[in-house]
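Structure file target03.cif with mmCIF, C-alpha atoms:
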```
data_structure
#
loop_
_atom_site.label_atom_id
_atom_site.label_comp_id
_atom_site.auth_asym_id
_atom_site.auth_seq_id
_atom_site.Cartn_x
_atom_site.Cartn_y
_atom_site.Cartn_z
CA MET A 1 166.53 52.30 -65.44
CA GLU A 2 165.85 53.44 -61.85
CA SER A 3 163.37 56.20 -61.19
CA THR A 4 164.84 59.62 -60.46
CA ASP A 5 161.61 60.79 -58.85
CA PRO A 6 162.19 61.62 -55.16
CA HIS A 7 159.12 59.58 -54.27
CA GLY A 8 160.19 56.56 -56.29
CA LEU A 9 157.32 56.95 -58.77
CA ASP A 10 157.71 55.71 -62.30
CA LEU A 11 157.04 58.03 -65.24
CA HIS A 12 153.43 56.92 -65.57
CA CYS A 13 152.66 57.74 -61.92
CA GLN A 14 154.57 61.02 -62.20
CA LEU A 15 152.21 62.08 -65.01
CA ILE A 16 149.20 61.24 -62.86
CA LEU A 17 150.65 63.30 -60.01
CA GLU A 18 151.29 66.24 -62.36
CA GLU A 19 147.72 66.06 -63.61
CA TYR A 20 146.53 66.08 -60.00
CA GLN A 21 148.55 69.22 -59.33
CA GLU A 22 147.27 70.98 -62.45
CA MET A 23 143.64 70.13 -61.65
CA GLN A 24 143.59 71.52 -58.13
CA PRO A 25 141.30 74.44 -59.14
CA VAL A 26 138.87 71.96 -60.72
CA PHE A 27 138.73 69.81 -57.60
CA ALA A 28 138.34 72.90 -55.44
CA LYS A 29 135.34 73.95 -57.56
CA MET A 30 133.89 70.44 -57.36
CA LYS A 31 134.18 70.54 -53.58
CA GLU A 32 132.42 73.90 -53.47
CA ILE A 33 129.58 72.69 -55.69
CA VAL A 34 129.08 69.40 -53.87
CA LEU A 35 129.03 70.97 -50.42
CA SER A 36 126.57 73.63 -51.52
CA GLU A 37 124.23 71.11 -53.15
CA LEU A 38 124.37 68.74 -50.19
CA HIS A 39 123.46 71.48 -47.71
CA GLN A 40 120.65 72.77 -49.92
CA CYS A 41 119.22 69.31 -50.53
CA LEU A 42 119.21 68.33 -46.86
CA ALA A 43 117.65 71.65 -45.86
CA ARG A 44 114.99 71.36 -48.57
CA PHE A 45 113.85 68.01 -47.20
CA ASN A 46 114.27 69.01 -43.53
CA ILE A 47 116.82 66.31 -42.82
CA LEU A 48 118.95 67.05 -39.77
CA VAL A 49 122.43 65.52 -39.87
CA THR A 50 125.40 65.80 -37.56
CA ALA A 51 127.90 66.83 -40.26
CA VAL A 52 128.46 67.41 -43.97
CA GLU A 53 132.13 67.30 -44.90
CA ALA A 54 134.30 67.38 -48.01
CA ARG A 55 138.00 67.20 -48.69
CA ILE A 56 140.49 66.98 -51.54
CA LYS A 57 142.98 64.15 -51.17
CA ALA A 58 146.30 65.46 -49.88
CA GLU A 59 149.28 65.11 -52.21
CA ASP A 60 151.17 62.89 -49.75
CA SER A 61 148.18 60.58 -49.57
CA LEU A 62 147.98 60.34 -53.36
CA ILE A 63 151.71 59.64 -53.63
CA GLY A 64 151.35 56.82 -51.12
CA LYS A 65 148.52 55.34 -53.13
CA LEU A 66 150.48 55.57 -56.37
CA GLN A 67 153.49 53.95 -54.72
CA LEU A 68 151.36 50.98 -53.68
CA LYS A 69 149.17 50.44 -56.72
CA GLY A 70 149.83 53.13 -59.30
CA HIS A 71 149.85 50.49 -62.03
CA LYS A 72 146.09 50.10 -61.63
CA TYR A 73 145.37 53.61 -62.91
CA LYS A 74 145.65 54.75 -66.50
CA THR A 75 144.91 58.39 -65.77
CA LEU A 76 143.94 60.52 -62.80
CA SER A 77 140.27 60.10 -63.69
CA ASP A 78 140.53 56.42 -62.73
CA LEU A 79 140.97 57.46 -59.11
CA THR A 80 137.48 57.99 -57.72
CA ASP A 81 138.38 59.53 -54.38
CA ILE A 82 140.52 62.56 -55.25
CA MET A 83 137.57 64.61 -54.06
CA GLY A 84 135.52 63.06 -51.29
CA ALA A 85 132.42 64.10 -49.35
CA ARG A 86 130.71 62.61 -46.33
CA ILE A 87 127.29 62.93 -44.75
CA ILE A 88 127.07 61.81 -41.13
CA THR A 89 123.55 61.07 -39.93
CA PHE A 90 122.13 60.58 -36.47
CA TYR A 91 120.13 57.46 -37.37
CA SER A 92 120.95 54.42 -39.48
CA ASP A 93 117.55 54.39 -41.19
CA GLU A 94 118.20 57.89 -42.57
CA VAL A 95 121.14 56.68 -44.65
CA ASP A 96 118.80 55.09 -47.21
CA LYS A 97 116.61 58.19 -47.29
CA ILE A 98 119.61 60.39 -47.99
CA ALA A 99 120.95 57.90 -50.54
CA ALA A 100 117.69 58.18 -52.50
CA LEU A 101 118.07 61.97 -52.58
CA MET A 102 121.67 61.65 -53.76
CA GLU A 103 120.58 59.41 -56.62
CA ASP A 104 118.35 62.22 -57.85
CA LEU A 105 121.03 64.84 -57.29
CA PHE A 106 124.15 63.25 -58.81
CA GLU A 107 125.06 60.70 -61.45
CA ILE A 108 125.88 57.47 -59.62
CA ASP A 109 128.54 55.07 -60.88
CA ARG A 110 126.79 51.90 -59.69
CA GLU A 111 129.53 49.55 -60.75
CA ASN A 112 132.09 51.19 -58.49
CA SER A 113 129.77 52.14 -55.63
CA VAL A 114 129.64 49.82 -52.64
CA ASP A 115 127.28 49.31 -49.73
CA LYS A 116 129.61 48.32 -46.93
CA ARG A 117 126.64 48.01 -44.58
CA LYS A 118 126.11 44.56 -46.10
CA MET A 119 129.43 43.36 -44.72
CA HIS A 120 128.96 40.64 -42.14
CA GLU A 121 132.49 40.13 -40.95
CA LEU A 122 133.34 40.55 -37.31
CA ASN A 123 134.71 43.99 -36.53
CA SER A 124 133.11 45.46 -39.66
CA PHE A 125 130.91 47.99 -37.85
CA GLY A 126 133.18 50.99 -38.37
CA TYR A 127 133.38 50.31 -42.09
CA MET A 128 129.64 50.02 -42.72
CA SER A 129 129.26 53.24 -44.69
CA LEU A 130 127.33 53.45 -47.92
CA HIS A 131 129.81 54.62 -50.56
CA TYR A 132 128.57 56.18 -53.79
CA ILE A 133 130.90 57.08 -56.64
CA CYS A 134 129.35 60.14 -58.25
CA ARG A 135 129.65 62.72 -60.98
CA ILE A 136 128.24 66.23 -61.03
CA PRO A 137 125.64 66.22 -63.84
CA GLU A 138 125.58 69.06 -66.32
CA LYS A 139 121.99 69.90 -65.33
CA LEU A 140 123.34 70.72 -61.88
CA TYR A 141 126.42 72.67 -62.97
CA HIS A 142 128.20 73.17 -66.27
CA ASP A 143 131.11 75.36 -67.26
CA PRO A 144 132.21 74.91 -70.91
CA ALA A 145 135.67 76.18 -69.96
CA HIS A 146 136.05 73.37 -67.42
CA PRO A 147 134.24 70.25 -68.63
CA GLU A 148 136.42 68.20 -66.24
CA ILE A 149 134.03 69.23 -63.44
CA ASN A 150 131.46 66.90 -64.98
CA GLU A 151 133.99 64.21 -65.88
CA TYR A 152 135.96 63.55 -62.70
CA ARG A 153 134.24 61.32 -60.22
CA PHE A 154 134.10 61.82 -56.47
CA GLU A 155 133.32 59.58 -53.53
CA LEU A 156 130.33 60.25 -51.29
CA GLN A 157 130.15 58.40 -47.98
CA MET A 158 126.99 58.15 -45.90
CA ARG A 159 127.29 56.79 -42.38
CA THR A 160 125.94 57.25 -38.87
CA ALA A 161 127.64 59.23 -36.13
CA LEU A 162 128.47 56.05 -34.20
CA GLN A 163 129.98 54.43 -37.28
CA HIS A 164 132.03 57.56 -37.83
CA VAL A 165 133.27 57.60 -34.24
CA TRP A 166 134.21 53.93 -34.46
CA ALA A 167 136.07 54.42 -37.73
CA ASN A 168 138.06 57.24 -36.16
CA ILE A 169 138.84 55.13 -33.10
CA ASN A 170 140.09 52.35 -35.37
CA HIS A 171 142.26 54.81 -37.24
CA ASP A 172 143.61 56.33 -34.04
CA THR A 173 144.49 52.96 -32.48
CA GLY A 174 146.07 51.63 -35.67
CA TYR A 175 143.60 48.79 -35.80
CA LYS A 176 143.54 47.11 -39.24
CA SER A 177 146.72 48.96 -40.15
CA GLY A 178 148.79 45.83 -40.52
CA VAL A 179 150.16 46.07 -36.99
CA GLU A 180 149.54 42.91 -35.02
CA VAL A 181 147.16 43.55 -32.12
CA PRO A 182 147.09 41.24 -29.09
CA VAL A 183 144.12 38.89 -28.98
CA GLU A 184 142.70 40.37 -25.77
CA HIS A 185 142.60 43.83 -27.36
CA LEU A 186 140.97 42.48 -30.52
CA ARG A 187 138.34 40.78 -28.38
CA ASN A 188 137.58 44.02 -26.53
CA LEU A 189 137.38 45.95 -29.79
CA THR A 190 134.99 43.37 -31.19
CA ARG A 191 132.78 43.58 -28.11
CA LEU A 192 132.72 47.36 -28.35
CA ALA A 193 131.89 47.24 -32.06
CA GLY A 194 128.94 44.97 -31.28
CA MET A 195 127.71 47.32 -28.57
CA LEU A 196 127.92 50.32 -30.88
CA GLU A 197 126.12 48.50 -33.69
CA LEU A 198 123.38 47.50 -31.26
CA ALA A 199 123.14 51.10 -30.02
CA ASP A 200 122.88 52.35 -33.63
CA ASP A 201 119.97 49.98 -34.28
CA GLU A 202 118.30 50.80 -30.97
CA PHE A 203 118.41 54.55 -31.54
CA SER A 204 116.62 54.08 -34.86
CA ARG A 205 114.10 51.66 -33.34
CA ILE A 206 113.32 53.99 -30.43
CA ARG A 207 112.88 56.93 -32.77
CA ARG A 208 110.43 54.91 -34.88
CA GLN A 209 108.49 54.03 -31.74
CA ILE A 210 108.38 57.66 -30.63
CA THR A 211 107.21 58.71 -34.09
CA ASP A 212 104.47 56.06 -34.01
CA TYR A 213 103.46 57.21 -30.54
CA ARG A 214 103.19 60.82 -31.65
CA ARG A 215 101.08 59.87 -34.64
CA LYS A 216 98.79 57.87 -32.38
CA VAL A 217 98.49 60.82 -30.01
CA GLN A 218 97.65 63.17 -32.87
CA THR A 219 94.97 60.76 -34.07
CA LEU A 220 93.45 60.44 -30.60
CA VAL A 221 93.50 64.19 -30.06
CA SER A 222 92.01 65.01 -33.45
CA SER A 223 89.23 62.45 -32.82
CA GLY A 224 88.52 63.84 -29.34
CA ASN A 225 89.58 60.76 -27.34
CA PHE A 226 91.25 62.90 -24.69
CA ASP A 227 90.79 60.50 -21.78
CA GLU A 228 93.09 58.00 -23.50
CA VAL A 229 95.97 60.48 -23.81
CA GLY A 230 98.35 61.12 -20.93
CA LEU A 231 99.37 64.70 -20.22
CA ASN A 232 102.98 65.43 -21.21
CA GLY A 233 104.95 67.78 -23.43
CA ASP A 234 104.21 65.96 -26.69
CA THR A 235 100.52 65.44 -26.03
CA PHE A 236 99.98 68.96 -24.73
CA ARG A 237 101.51 70.37 -27.93
CA SER A 238 99.16 68.22 -30.01
CA TYR A 239 96.25 69.38 -27.88
CA LEU A 240 97.15 73.05 -28.25
CA ALA A 241 97.35 72.56 -32.02
CA ILE A 242 93.55 72.14 -32.13
CA HIS A 243 93.14 75.51 -30.33
CA PRO A 244 91.01 74.18 -27.45
CA PHE A 245 90.66 77.55 -25.69
CA GLU A 246 89.93 79.64 -28.77
CA ARG A 247 86.20 79.98 -28.16
CA LEU A 248 86.61 81.10 -24.56
CA THR A 249 89.42 83.46 -25.56
CA GLY A 250 87.11 85.00 -28.14
CA ARG A 251 84.38 85.56 -25.55
CA ILE A 252 86.86 87.23 -23.18
CA ALA A 253 88.30 89.42 -25.96
CA ALA A 254 84.80 90.59 -26.85
CA ILE A 255 84.38 92.15 -23.40
CA ASN A 256 86.50 95.12 -24.49
CA GLN A 257 86.71 94.32 -28.18
CA ALA A 258 90.34 93.55 -27.43
CA GLU A 259 93.02 92.28 -29.74
CA VAL A 260 94.38 88.84 -28.89
CA MET A 261 98.17 88.69 -28.61
CA GLN A 262 99.39 85.18 -29.35
CA ASP A 263 101.65 83.47 -26.87
CA THR A 264 102.36 79.86 -25.97
CA PRO A 265 100.44 78.15 -23.16
CA LEU A 266 103.17 75.48 -22.94
CA ARG A 267 104.38 77.05 -19.70
CA TYR A 268 101.12 75.87 -18.12
CA LEU A 269 102.07 72.22 -18.54
CA ASN A 270 103.97 71.94 -15.26
CA VAL A 271 101.22 73.85 -13.48
CA LEU A 272 98.53 71.51 -14.78
CA GLN A 273 100.57 68.49 -13.79
CA HIS A 274 101.13 69.98 -10.33
CA MET A 275 97.38 70.46 -10.06
CA GLY A 276 97.06 66.69 -10.45
CA PHE A 277 95.96 66.47 -14.08
CA LYS A 278 96.98 63.13 -15.60
CA THR A 279 95.34 63.15 -19.03
CA LEU A 280 94.15 65.60 -21.65
CA GLY A 281 90.69 64.50 -20.60
CA ASP A 282 91.32 66.19 -17.24
CA VAL A 283 92.13 69.45 -19.04
CA GLU A 284 89.01 69.10 -21.20
CA LYS A 285 86.88 68.50 -18.10
CA MET A 286 88.26 71.66 -16.51
CA LYS A 287 87.41 73.58 -19.67
CA HIS A 288 83.88 72.13 -19.67
CA ASP A 289 83.24 72.66 -15.97
CA TYR A 290 84.76 76.10 -15.44
CA ALA A 291 84.42 77.97 -18.74
CA GLU A 292 81.61 80.15 -17.43
CA ALA A 293 83.39 80.86 -14.15
CA ALA A 294 86.54 81.80 -16.07
CA TYR A 295 84.52 84.13 -18.27
CA GLN A 296 82.89 85.80 -15.24
CA LEU A 297 86.30 86.32 -13.68
CA ALA A 298 87.59 87.97 -16.86
CA LEU A 299 84.41 90.05 -17.12
CA HIS A 300 84.89 91.52 -13.67
CA GLN A 301 88.60 92.05 -14.20
CA LEU A 302 88.39 93.68 -17.63
CA GLY A 303 84.92 95.21 -17.66
CA GLY A 304 85.96 98.35 -15.82
CA THR A 305 89.13 98.91 -17.81
CA ASP A 306 90.02 100.13 -21.28
CA LEU A 307 92.48 97.25 -21.85
CA ASP A 308 92.36 96.46 -25.56
CA ILE A 309 95.03 93.74 -25.80
CA ILE A 310 94.85 90.39 -24.01
CA SER A 311 97.07 87.32 -24.05
CA SER A 312 95.81 84.23 -25.85
CA SER A 313 96.60 82.21 -22.71
CA LEU A 314 94.33 84.34 -20.49
CA ALA A 315 91.48 81.86 -20.92
CA LEU A 316 93.61 78.98 -19.66
CA GLN A 317 94.86 81.09 -16.76
CA ASP A 318 91.33 81.93 -15.62
CA LEU A 319 90.22 78.32 -16.06
CA CYS A 320 93.00 77.22 -13.71
CA ILE A 321 92.04 79.92 -11.18
CA ALA A 322 88.40 78.87 -11.27
CA HIS A 323 89.39 75.20 -10.86
CA LEU A 324 91.57 75.97 -7.84
CA ILE A 325 88.94 78.08 -6.10
CA HIS A 326 86.03 75.70 -6.77
CA ASN A 327 88.09 72.84 -5.39
CA GLY A 328 88.76 74.57 -2.09
CA TYR A 329 92.26 75.89 -2.65
CA GLY A 330 92.95 79.15 -0.91
CA GLU A 331 95.00 82.28 -1.31
CA ARG A 332 98.34 80.51 -0.79
CA ALA A 333 97.60 78.08 -3.63
CA LEU A 334 96.79 80.99 -5.94
CA GLU A 335 100.00 82.74 -4.91
CA ASP A 336 101.96 79.58 -5.75
CA PHE A 337 100.10 79.35 -9.06
CA PHE A 338 101.14 82.86 -10.10
CA ALA A 339 104.69 82.26 -8.90
CA ALA A 340 104.91 79.10 -11.01
CA LEU A 341 103.81 81.04 -14.08
CA ASN A 342 105.58 84.34 -13.60
CA GLY A 343 108.34 83.70 -11.08
CA PRO A 344 108.47 84.72 -7.41
CA GLY A 345 107.62 88.27 -6.39
CA PRO A 346 105.50 90.31 -3.96
CA TYR A 347 102.87 91.00 -6.61
CA ASN A 348 101.81 87.35 -6.58
CA GLN A 349 100.44 87.64 -3.03
CA THR A 350 98.61 90.87 -3.82
CA ARG A 351 97.10 89.37 -6.94
CA ALA A 352 96.04 86.21 -5.13
CA ALA A 353 94.36 88.24 -2.40
CA ARG A 354 92.39 90.28 -4.97
CA ILE A 355 91.25 87.11 -6.73
CA MET A 356 90.00 85.64 -3.45
CA GLU A 357 88.09 88.84 -2.65
CA LEU A 358 86.50 88.73 -6.09
CA ALA A 359 85.64 85.06 -5.61
CA GLN A 360 83.84 85.89 -2.37
CA GLU A 361 81.88 88.63 -4.13
CA LEU A 362 80.91 86.27 -6.93
CA GLN A 363 80.16 83.50 -4.41
CA TRP A 364 82.30 81.06 -6.40
CA ILE A 365 83.25 79.01 -3.40
CA HIS A 366 79.68 77.90 -2.88
CA ASN A 367 78.66 77.57 -6.50
CA THR A 368 78.80 74.36 -8.54
CA PRO A 369 80.84 74.33 -11.72
CA GLY A 370 79.17 75.66 -14.82
CA ASN A 371 79.00 73.84 -18.13
CA VAL A 372 78.88 76.69 -20.58
CA GLN A 373 81.67 76.48 -23.17
#
```

Whole structure given in structure tokens:
Amino acid sequence: MESTDPHGLDLHCQLILEEYQEMQPVFAKMKEIVLSELHQCLARFNILVTAVEARIKAEDSLIGKLQLKGHKYKTLSDLTDIMGARIITFYSDEVDKIAALMEDLFEIDRENSVDKRKMHELNSFGYMSLHYICRIPEKLYHDPAHPEINEYRFELQMRTALQHVWANINHDTGYKSGVEVPVEHLRNLTRLAGMLELADDEFSRIRRQITDYRRKVQTLVSSGNFDEVGLNGDTFRSYLAIHPFERLTGRIAAINQAEVMQDTPLRYLNVLQHMGFKTLGDVEKMKHDYAEAAYQLALHQLGGTDLDIISSSLALQDLCIAHLIHNGYGERALEDFFAALNGPGPYNQTRAARIMELAQELQWIHNTPGNVQ
């Protein structure tokens, strides 16, 4: 007897489709729970990803699947991808880290899960996701009125951004869709897949190297080996983390018993580099040589005022001023220094002139650097 179903489905497949339609609220709730738990888990472990997605299989897609191989499924619960979620990472080595978190979060159906990253066929790059078949455990969520939420399985894919892009390109071009593709196009696709796979590996390798470099810098800084550390954004942040100017800042604040307002001295990085500093050791030497001169400058600037709030970067500012003056730089250099810190403006020239007058009074130009810290 021929099927009267408009889609050509037999009675068995029609029942599966009806169950799918009836269970839409359940799958919608599963999607809500899974998305919420994924976002919370990734945030809790400070893992930055490019996307977290979830979808419920469209009815047309399910009908197509049932038309092709509906005989394989006894009930709707045998289909593991009615609800699907995907985590797209930036780096390939984060997939395993996320997978470990998912194993603690959900119940994993190991028998039906597959690690497509272990595929070694040519052109397999875009299909190298890690696919887990999961259930929502009752300890995570349980509603006695809807036990199906803990019974239906869902598919969770974990892949990198480049793998995701490649998979979408394959889908868009119809590659692997059964349509014959000319050999020259297949060859170009294969070459591109190889390039993307290499790029995926290289991004992870470079990140590991950068992480190792930062750890080495932090070790050198914490141990005081400043001469071995070049001056750049990463190293300057590590240096500032040990509060190198705190003692001098405290001395300056004590002049007026002032409160110290915290700000970031990171804006001094370009200035220090422009002054010719190459390593953190150069910054340390400036601190050692000109701490007393910087204090005297602050003393004469603040001593006659009732200013009771100072910036935490004032010590570094006065160290730089003392360094410039002791090394023979004049008013124009000071004006450029203030402009680099605060932007151009007429006040920079006035301020530079006052500093030079004060330097003459204090006879800085002819004095040797101090060594009081």

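For the atom pair formed by atom CA of Asp227 of chain A and atom CA of Leu324 of chain A, the distance is 20.8 Å, given to one decimal.
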
If the PyMOL selection byres ((chain A and resi 15-22) around 12) is run on the structure shown, which residues does it catch, given as a PDB file with C-alpha atoms, in the coordinates of the input?
```pdb
ATOM      1  CA  ASP A   5     161.610  60.790 -58.850  1.00  0.00           C
ATOM      2  CA  HIS A   7     159.120  59.580 -54.270  1.00  0.00           C
ATOM      3  CA  LEU A   9     157.320  56.950 -58.770  1.00  0.00           C
ATOM      4  CA  ASP A  10     157.710  55.710 -62.300  1.00  0.00           C
ATOM      5  CA  LEU A  11     157.040  58.030 -65.240  1.00  0.00           C
ATOM      6  CA  HIS A  12     153.430  56.920 -65.570  1.00  0.00           C
ATOM      7  CA  CYS A  13     152.660  57.740 -61.920  1.00  0.00           C
ATOM      8  CA  GLN A  14     154.570  61.020 -62.200  1.00  0.00           C
ATOM      9  CA  MET A  23     143.640  70.130 -61.650  1.00  0.00           C
ATOM     10  CA  GLN A  24     143.590  71.520 -58.130  1.00  0.00           C
ATOM     11  CA  PRO A  25     141.300  74.440 -59.140  1.00  0.00           C
ATOM     12  CA  VAL A  26     138.870  71.960 -60.720  1.00  0.00           C
ATOM     13  CA  PHE A  27     138.730  69.810 -57.600  1.00  0.00           C
ATOM     14  CA  ALA A  28     138.340  72.900 -55.440  1.00  0.00           C
ATOM     15  CA  ILE A  56     140.490  66.980 -51.540  1.00  0.00           C
ATOM     16  CA  LYS A  57     142.980  64.150 -51.170  1.00  0.00           C
ATOM     17  CA  ALA A  58     146.300  65.460 -49.880  1.00  0.00           C
ATOM     18  CA  GLU A  59     149.280  65.110 -52.210  1.00  0.00           C
ATOM     19  CA  ASP A  60     151.170  62.890 -49.750  1.00  0.00           C
ATOM     20  CA  SER A  61     148.180  60.580 -49.570  1.00  0.00           C
ATOM     21  CA  LEU A  62     147.980  60.340 -53.360  1.00  0.00           C
ATOM     22  CA  ILE A  63     151.710  59.640 -53.630  1.00  0.00           C
ATOM     23  CA  GLY A  64     151.350  56.820 -51.120  1.00  0.00           C
ATOM     24  CA  LYS A  65     148.520  55.340 -53.130  1.00  0.00           C
ATOM     25  CA  LEU A  66     150.480  55.570 -56.370  1.00  0.00           C
ATOM     26  CA  GLN A  67     153.490  53.950 -54.720  1.00  0.00           C
ATOM     27  CA  GLY A  70     149.830  53.130 -59.300  1.00  0.00           C
ATOM     28  CA  HIS A  71     149.850  50.490 -62.030  1.00  0.00           C
ATOM     29  CA  LYS A  72     146.090  50.100 -61.630  1.00  0.00           C
ATOM     30  CA  TYR A  73     145.370  53.610 -62.910  1.00  0.00           C
ATOM     31  CA  LYS A  74     145.650  54.750 -66.500  1.00  0.00           C
ATOM     32  CA  THR A  75     144.910  58.390 -65.770  1.00  0.00           C
ATOM     33  CA  LEU A  76     143.940  60.520 -62.800  1.00  0.00           C
ATOM     34  CA  SER A  77     140.270  60.100 -63.690  1.00  0.00           C
ATOM     35  CA  ASP A  78     140.530  56.420 -62.730  1.00  0.00           C
ATOM     36  CA  LEU A  79     140.970  57.460 -59.110  1.00  0.00           C
ATOM     37  CA  ASP A  81     138.380  59.530 -54.380  1.00  0.00           C
ATOM     38  CA  ILE A  82     140.520  62.560 -55.250  1.00  0.00           C
ATOM     39  CA  MET A  83     137.570  64.610 -54.060  1.00  0.00           C
ATOM     40  CA  GLU A 148     136.420  68.200 -66.240  1.00  0.00           C
ATOM     41  CA  TYR A 152     135.960  63.550 -62.700  1.00  0.00           C
TER      42      TYR A 152
END
```

Among the residues A:Ala85, A:Ala51, A:Cys134, A:Ala315, the one that comes closest to Glu246 of chain A [using only C-alpha atoms]: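 Of A:Ala85, A:Ala51, A:Cys134, A:Ala315, the one nearest Glu246 of chain A is A:Ala315, counting only C-alpha atoms.
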
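Shortest separation to Tyr141 of chain A among A:Leu42, A:Ile310, A:Ile33, A:Leu68 occurs at residue A:Ile33, atoms counted being all atoms listed in the file.
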
Out of A:Gln218, A:Gly343, A:Ser129, A:Ile252, which residue has the shortest atom-to-atom distance to Ser311 of chain A when counting all atoms listed in the file? A:Ile252

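Of the listed residues A:Arg44, A:Arg205, A:His300, A:Lys139, the one whose atoms come nearest to Tyr91 of chain A is A:Arg205, with distances taken using only C-alpha atoms.
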
Using all atoms listed in the file, the shortest atom-to-atom distance to Leu38 of chain A among A:Ile108, A:Leu156, A:Leu302, A:Leu266 belongs to A:Leu156

Looking at A:Gln257, A:Asn232, A:Gln209, A:Gln301, which one is nearest to Leu280 of chain A, with distances taken over all atoms listed in the file?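 Using all atoms listed in the file, the shortest distance to Leu280 of chain A belongs to A:Asn232.
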
As a list in words, please: the residues near Tyr213 of chain A (cut-off 12 Å, all atoms listed in the file, same-chain neighbours under 3 positions excluded). Ile206, Arg207, Arg208, Gln209, Ile210, Lys216, Val217, Gln218, Thr219, Leu220, Val229, Gly230, Asp234, Thr235 and Ser238 of chain A

Using atom CA of Met356 of chain A and atom CA of Thr279 of chain A as the two end points, give the distance in Å to one decimal.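 Those two atoms sit 27.9 Å apart.
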
Chain and number of each residue from the PyMOL selection byres ((chain A and resi 313) around 8), as a tab-separated table (two decimals) with C-alpha atoms, in the coordinates of the input:
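selection.tsv written:
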```tsv
chain	number	residue	atom	x	y	z
A	249	THR	CA	89.42	83.46	-25.56
A	262	GLN	CA	99.39	85.18	-29.35
A	263	ASP	CA	101.65	83.47	-26.87
A	264	THR	CA	102.36	79.86	-25.97
A	265	PRO	CA	100.44	78.15	-23.16
A	311	SER	CA	97.07	87.32	-24.05
A	312	SER	CA	95.81	84.23	-25.85
A	314	LEU	CA	94.33	84.34	-20.49
A	315	ALA	CA	91.48	81.86	-20.92
A	316	LEU	CA	93.61	78.98	-19.66
A	317	GLN	CA	94.86	81.09	-16.76
```

Which residues are near Ser204 of chain A? Cut-off 12 Å, only C-alpha atoms, ignore same chain within fewer than 3 positions. Put them as a list in words. Thr89, Phe90, Tyr91, Ser92, Asp93, Glu94, Val95, Thr160, Glu197, Leu198, Ala199, Asp200, Asp201, Arg207, Arg208, Gln209, Ile210 and Thr211 of chain A

As a check of understanding, name the residues that the PyMOL selection byres ((chain A and resi 163) around 12) selects in the supplied structure, as a ChimeraX atom specification. /A:87-92,95,116-117,123-130,157-162,164-170,192-201

Excluding Phe106 of chain A and its own-chain neighbours fewer than 6 positions away, which residues fall within 9 Å of it when counting only C-alpha atoms? Please give them as number ranges by chain. A: 134-137, 140

Can you tell me how far atom CA of Leu297 of chain A sits from atom CA of Phe236 of chain A, in Å to one decimal?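 Those two atoms sit 24.7 Å apart.
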
Centre and size of axis-aligned box enclosing segment 154-167 of chain A plus 6 Å each side, as AutoDock Vina command-line options:
```
--center_x 131.0 --center_y 57.9 --center_z -45.3 --size_x 22.1 --size_y 19.9 --size_z 34.3
```

So which residues touch Ala258 of chain A within 6 Å, counting all atoms listed in the file, skipping near sequence neighbours fewer than 5 positions away, as a PyMOL selection string? chain A and resi 253+308-309
